[in-house]
Every structure is written in C-alpha cells, then in structure tokens.
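Okay, so here's the structure we're looking at.
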Amino acid sequence: MNNGDNIIKNAMILFTVTIIAAVLLGFTYEITIEPIRVQNELQKTAAFKGIFETGTFEELEINLSEDSKIQSVFKVIQDEEIQGYVFQIDTKEGYGGLISLVVGLKVDGSMKGIDVIKHGETPGLGAKIDETEFKNQFMKRMSTELIVVKSTSSSDDEIEAISGATISSRAVVGGINESLSYFDVYLKEAK
Amino acid sequence: MKEILKRLKSGIIDDNPVFVQVLGMCPTLAVTTSAENGLGMGLASTSVLVMSNLVISLLRNIIPAKVRIPAFIVIIASFVTIVDLLLQAFKPELYQSLGLFIPLIVVNCVILGRAEAYASKNKPVNSFFDGLGMGLGFTFALTLIGMTRELLGAGTIFATRIMPESYVPASIFILAPGAFIVLGMILAVFNTIKNKMKEEA
C-alpha cells in the first residue's frame with residue numbers, strides 16, 4: 001500500500017470509494033425494489049392459501065392505529081359467499097424480535113388455522129412456533145382471547161406453550177388475540 | 001499454484017479462522033444453534049469474503065494506508081447489502097434460509113481481518129483463494145459446531161432425528177453457555193489433532 005501522507009489526496013480517494021459504493025448500492029436498490037415487493041406479496045398469498053385453500057381474497061379497509069399488530073385484513077370469498085377472514089399480523093414481542101403471522105378465522109369466529117411467515121426465534125426452541133405440532137393447536141378453536149399455559153390445555157381458551165419457549169409462544173398468541181378481538185368488534189355481524 | 005494450495009490449506013486447517021485465529025466469535029457463537037444455520041452462515045460469509053478479498057486486492061495500490069480501514073468497511077458493507085437485496089429480490093427460497101444471517105456478515109471480523117492481513121498486501125488471484133480457504137475453514141468450523149450443538153441440544157442433525165427417542169435433549173447446548181462449551185471443546189480437540197499431525201510430519 002502506498003503511504004500517501006497528503007490528507008487531501010487520502011480524503012479524495014476515500015470519497016471516490018464511497019461514491020462508487022453509493023452508486024452501486026443505489027442501482028441495486030432500484031432494480032430490486034419491485035421484485036422484492038412482488039416476492040413479499042407472493043409469500044403472503046401463499047400463506048393465505050395454506051389456510052383457505054380455495055377462494056379469493058379481498059382486502060378490507062381497516063382504520064387502526066400505528067401500534068396495532070394487524071397489518072391487513074382480507075375477506076375470503078368463495079361462490080359469492082364469505083368463507084372467513086385472514087389477518088396479516090406483525091408482532092415485535094418475539095424472543096428474537098419480529099414475528100409475522102397469518103391468522104385465518106371462519107365466518108363463525110372459530111379459528112381455521114395460522115401460519116408463521118417470518119420469525120427470528122431460536123432453532124430448536126422458539127422456532128417450533130412454525131412447526132405443525134404447535135400450529136395445529138389453533139385449528140377449530142372458538143375463543144375471544146387465548147391464554148398461554150405451561151401445562152396441557154384444558155379449554156378452548158388455553159394454548160400449551162412450547163417447552164422452553166414461553167416468550168415465543170406468548171408472542172404468537174398475543175398476535176392472534178388481536179385478530180380475535182378485531183373480529184369480535186368489527187366482523188362478527190357482517191355478512 | 002503452490003501459493004493457491006497453501007492458501008486453501010491454511011484457511012481450512014493451519015490457520016482456521018475459528019479454531020486457530022479465534023476470529024468471528026460473534027457469529028460463531030450466535031448462529032450455530034443448528035447445523036443448517038452454521039452451514040448457511042458459513043457459505044454466505046464465504047461468498048462475501050471471496051468478493052471483498054478480490055476487490056480489496058485489486059485496489060490495494062490505490063487505497064492509501066491511512067484510510068484503508070474505512071475504505072475496507074465501505075467495500076465490505078456494500079457487498080453485503082448488495083447480496084442481501086439481490087437474494088431478497090431474485091432468490092426468495094435461498095433468502096428464506098439465509099436471510100437472517102446476511103446483515104450479521106458485516107460485523108464478521110474474519111472478513112476485515114483477511115482484508116487487512118492478506119488481501120491488501122497480495123495479488124488478486126492469491127487473495128481470492130485466501131478468501132476461499134478462510135471461508136471454507138469458517139464454514140467447516142461453523143457446521144461442525146452447529147451439528148454438535150443441534151445433536152446434543154435437540155437430538156437432530158440437519159433436522160433429521162439422530163438420537164434415540166429416549167434421549168432427552170439438553171437445551172443448554174442450544175443456548176449461549178452451550179455455544180462456549182462446544183466451541184472450547186472442539187477447539188481443544190482440533191488443535192490437539194493438528195499439532196499431532198505436525199509432529200508426525
């Protein structure tokens with residue numbers, strides 16, 4: 001390496017490096033922004049279809065505050081009838097930060113199922129929230145508020161926590177509860 | 001050619017970044033909670049390491065010594081961000097498995113370490129293979145630690161059940177203390193074997 005002691009020269013070279021880096025980054029950002037948006041949409045739609053296999057999804061307008069975990073709500077329509085609703089929920093209460101989930105509710109308010117589309121939980125522990133054993137617990141439940149228990153569940157309101165991953169389990173249930181209360185307040189009577 | 005082979009052997013065995021240089025401890029401890037995570041992080045880091053070594057070696061006569069550290073950091077961070085965006089946009093399945101680790105690569109000391117210790121002072125082809133060797137050594141170390149922690153802490157390797165049903169997993173191995181314990185043990189075994197091989201040579 002040459003040992004240029006000229007401070008102006010050093011600064012100019014560093015500046016050139018950063019300018020080139022900035023241009024490359026800007027360019028990459030421009031060419032990837034649309035594909036990334038498309039990928040995110042595809043991922044969400046795939047998750048919706050995993051819960052309600054048939055049917056079309058129509059987004060509902062929601063007026064919730066920035067703090068709400070609910071990101072979007074969709075009506076599930078099949079044969080011109082509402083089959084249920086799917087909610088896309090983001091909660092920051094995961095052990096490893098953000099957990100993104102999808103919750104499906106049937107028209108009668110019972111749970112159709114859930115899916116975890118993004119999380120940063122620990123493999124072997126919190127990451128089990130994305131396993132069928134945990135997710136199946138939520139099928140066919142009728143509840144307006146779920147609670148997490150560390151023993152076996154004895155009622156429709158009780159969800160058994162993943163052993164060693166109570167925080168992850170609670171984060172998921174907290175997100176689901178927001179969809180349940182939204183349904184209770186806004187969607188129950190609508191047909 | 002000789003130098004290329006030397007670079008590869010050095011990175012994987014003689015100067016293994018994890019077991020000998022003890023670099024990149026943060027990702028090593030944090031990410032090796034499973035074999036797949038260890039492998040993924042290793043491969044992602046290797047691709048950045050190889051590219052940054054190459055570019056820094058190509059620029060080694062242009063970047064003044066006094067501003068080399070900020071220049072290296074800008075180059076490395078830019079590579080990582082570009083890789084992150086490209087994967088996210090065009091390779092979603094790969095991004096699903098590796099996406100979490102990519103931002104962590106920027107703070108991986110192995111990359112800055114190799115830039116400073118080798119790439120800034122050597123020719124591009126050799127630097128490329130130094131990056132490859134160190135990256136493979138890093139990947140080997142991470143996968144080995146990940147396999148051990150996953151096997152003892154969850155009874156599986158790459159998510160396939162290995163331990164018999166009667167084995168109760170020791171969760172400590174998936175948590176932080178387990179990381180240190182496994183790293184220390186493997187480091188001791190690795191260096192013992194390496195030194196024995198050297199004596200016999």
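Ordering of the structure tokens sets the chain letters (A, B, ...); residue numbers start at 1 within each chain; ligands are numbered from 1 in the order shown.
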Rows by chain and residue number, chain B within 8 Å of chain A, shortest pair, only C-alpha atoms, as a tab-separated table:
```
residue	atom	partner	partner_atom	distance
B:Thr33	CA	A:Pro123	CA	6.2
B:Ser34	CA	A:Pro123	CA	6.6
B:Arg60	CA	A:Met1	CA	5.9
B:Asn61	CA	A:Met1	CA	5.2
B:Ile62	CA	A:Met1	CA	7.5
B:Ile63	CA	A:Ile13	CA	6.8
B:Pro64	CA	A:Asn2	CA	5.6
B:Ala65	CA	A:Asn3	CA	5.4
B:Lys66	CA	A:Asn3	CA	7.0
B:Val67	CA	A:Asn10	CA	6.6
B:Pro70	CA	A:Leu14	CA	7.8
B:Ala71	CA	A:Leu14	CA	6.2
B:Val74	CA	A:Thr18	CA	6.6
B:Ile75	CA	A:Ala21	CA	6.9
B:Ser78	CA	A:Ala21	CA	6.2
B:Thr81	CA	A:Leu25	CA	7.5
B:Ile82	CA	A:Leu25	CA	6.4
B:Leu85	CA	A:Thr32	CA	6.4
B:Leu86	CA	A:Thr32	CA	6.5
B:Gln88	CA	A:Ile36	CA	6.0
B:Ala89	CA	A:Ile36	CA	4.4
B:Phe90	CA	A:Pro35	CA	7.0
B:Pro92	CA	A:Gln39	CA	7.0
B:Leu100	CA	A:Gly120	CA	7.4
B:Ser120	CA	A:Met1	CA	7.1
B:Lys121	CA	A:Met1	CA	7.0
B:Glu150	CA	A:Gly124	CA	7.8
B:Gly153	CA	A:Gly124	CA	7.8
B:Ala154	CA	A:Gly124	CA	6.1
B:Ile174	CA	A:Gly124	CA	7.3
```
Checklist entry - Got a sec: who's within 8 Å of Phe101 of chain B, counting only C-alpha atoms, leaving out chain neighbours fewer than 6 positions off, as a list of chain:residue names? => result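 Residues near the query, excluding close chain neighbours: B:Val31, B:Gly40, B:Met41, B:Ala44.
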Checklist entry - Within 6 Å of segment 142-148 of chain B, counting only C-alpha atoms, which residues qualify if same-chain residues fewer than 5 places away don't, as a list of chain:residue names? => result B:Thr32, B:Thr33, B:Ser34, B:Ala35, B:Gly38, B:Leu39, B:Ile157
Those residues you just picked out, can you put them in a file as a short mmCIF file (atom, residue, chain, number, x, y, z; two decimals), in the first residue's frame with all heavy atoms?
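After the write, selection.cif holds the following:
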```cif
data_model
loop_
_atom_site.label_atom_id
_atom_site.label_comp_id
_atom_site.auth_asym_id
_atom_site.auth_seq_id
_atom_site.Cartn_x
_atom_site.Cartn_y
_atom_site.Cartn_z
N THR B 32 -24.70 -20.83 15.49
CA THR B 32 -24.52 -22.28 15.37
C THR B 32 -25.54 -23.07 16.18
O THR B 32 -25.23 -24.13 16.70
CB THR B 32 -23.10 -22.68 15.81
OG1 THR B 32 -22.83 -22.09 17.07
CG2 THR B 32 -22.08 -22.26 14.80
N THR B 33 -26.77 -22.58 16.27
CA THR B 33 -27.78 -23.30 17.03
C THR B 33 -28.28 -24.53 16.29
O THR B 33 -28.98 -25.35 16.85
CB THR B 33 -28.97 -22.38 17.33
OG1 THR B 33 -29.29 -21.68 16.13
CG2 THR B 33 -28.63 -21.39 18.41
N SER B 34 -27.93 -24.62 15.01
CA SER B 34 -28.27 -25.84 14.28
C SER B 34 -27.27 -26.01 13.15
O SER B 34 -26.61 -25.05 12.75
CB SER B 34 -29.69 -25.75 13.69
OG SER B 34 -29.71 -24.86 12.61
N ALA B 35 -27.16 -27.23 12.64
CA ALA B 35 -26.20 -27.49 11.57
C ALA B 35 -26.51 -26.66 10.34
O ALA B 35 -25.61 -26.09 9.71
CB ALA B 35 -26.23 -28.98 11.23
N GLY B 38 -25.45 -23.05 10.81
CA GLY B 38 -24.00 -22.93 10.74
C GLY B 38 -23.53 -22.97 9.29
O GLY B 38 -22.74 -22.14 8.85
N LEU B 39 -24.04 -23.93 8.54
CA LEU B 39 -23.66 -24.10 7.14
C LEU B 39 -24.06 -22.87 6.32
O LEU B 39 -23.29 -22.33 5.54
CB LEU B 39 -24.31 -25.35 6.56
CG LEU B 39 -23.96 -25.70 5.11
CD1 LEU B 39 -22.49 -26.02 4.97
CD2 LEU B 39 -24.79 -26.88 4.64
N ILE B 157 -29.72 -33.74 13.53
CA ILE B 157 -28.69 -33.07 12.73
C ILE B 157 -29.35 -32.74 11.39
O ILE B 157 -29.93 -33.62 10.77
CB ILE B 157 -27.46 -33.97 12.51
CG1 ILE B 157 -26.73 -34.21 13.82
CG2 ILE B 157 -26.52 -33.34 11.51
CD1 ILE B 157 -25.42 -34.96 13.67
#
```
Next on the checklist: I'd like the neighbourhood of Val125 of chain B as a PyMOL selection string, where a residue qualifies if any of its atoms comes within 9 Å (using only C-alpha atoms), though same-chain residues fewer than 2 positions away should be ignored.
Outcome noted: chain B and resi 4+54+57+122-123+127-130
Item to check | Who sits within 12 Å of Val168 of chain B, only C-alpha atoms, same chain under 2 positions skipped, as a PyMOL selection string | outcome: chain B and resi 151-156+163-166+170-172
Item to check | DSSP strand (DSSP E or B) selection over segment 48-192 of chain B, as a VMD selection string | outcome: chain B and resid 156 to 157 160 to 161
At a cut-off of 10 Å, can you tabulate as CSV every residue of segment 6-75 of chain A near segment 171-177 of chain A together with its closest atom pair and the distance in Å to one decimal, using only C-alpha atoms and ordering rows by chain then number?
```
residue,atom,partner,partner_atom,distance
A:Ser68,CA,A:Gly175,CA,9.5
A:Lys69,CA,A:Gly175,CA,6.5
A:Ile70,CA,A:Gly175,CA,7.9
```
Next on the checklist: Measuring between only C-alpha atoms, which one of A:Thr56, A:Ser65, A:Ser155, A:Ser169 shows the shortest distance to Tyr85 of chain A?
Outcome noted: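 Smallest distance to Tyr85 of chain A is found for A:Thr56.
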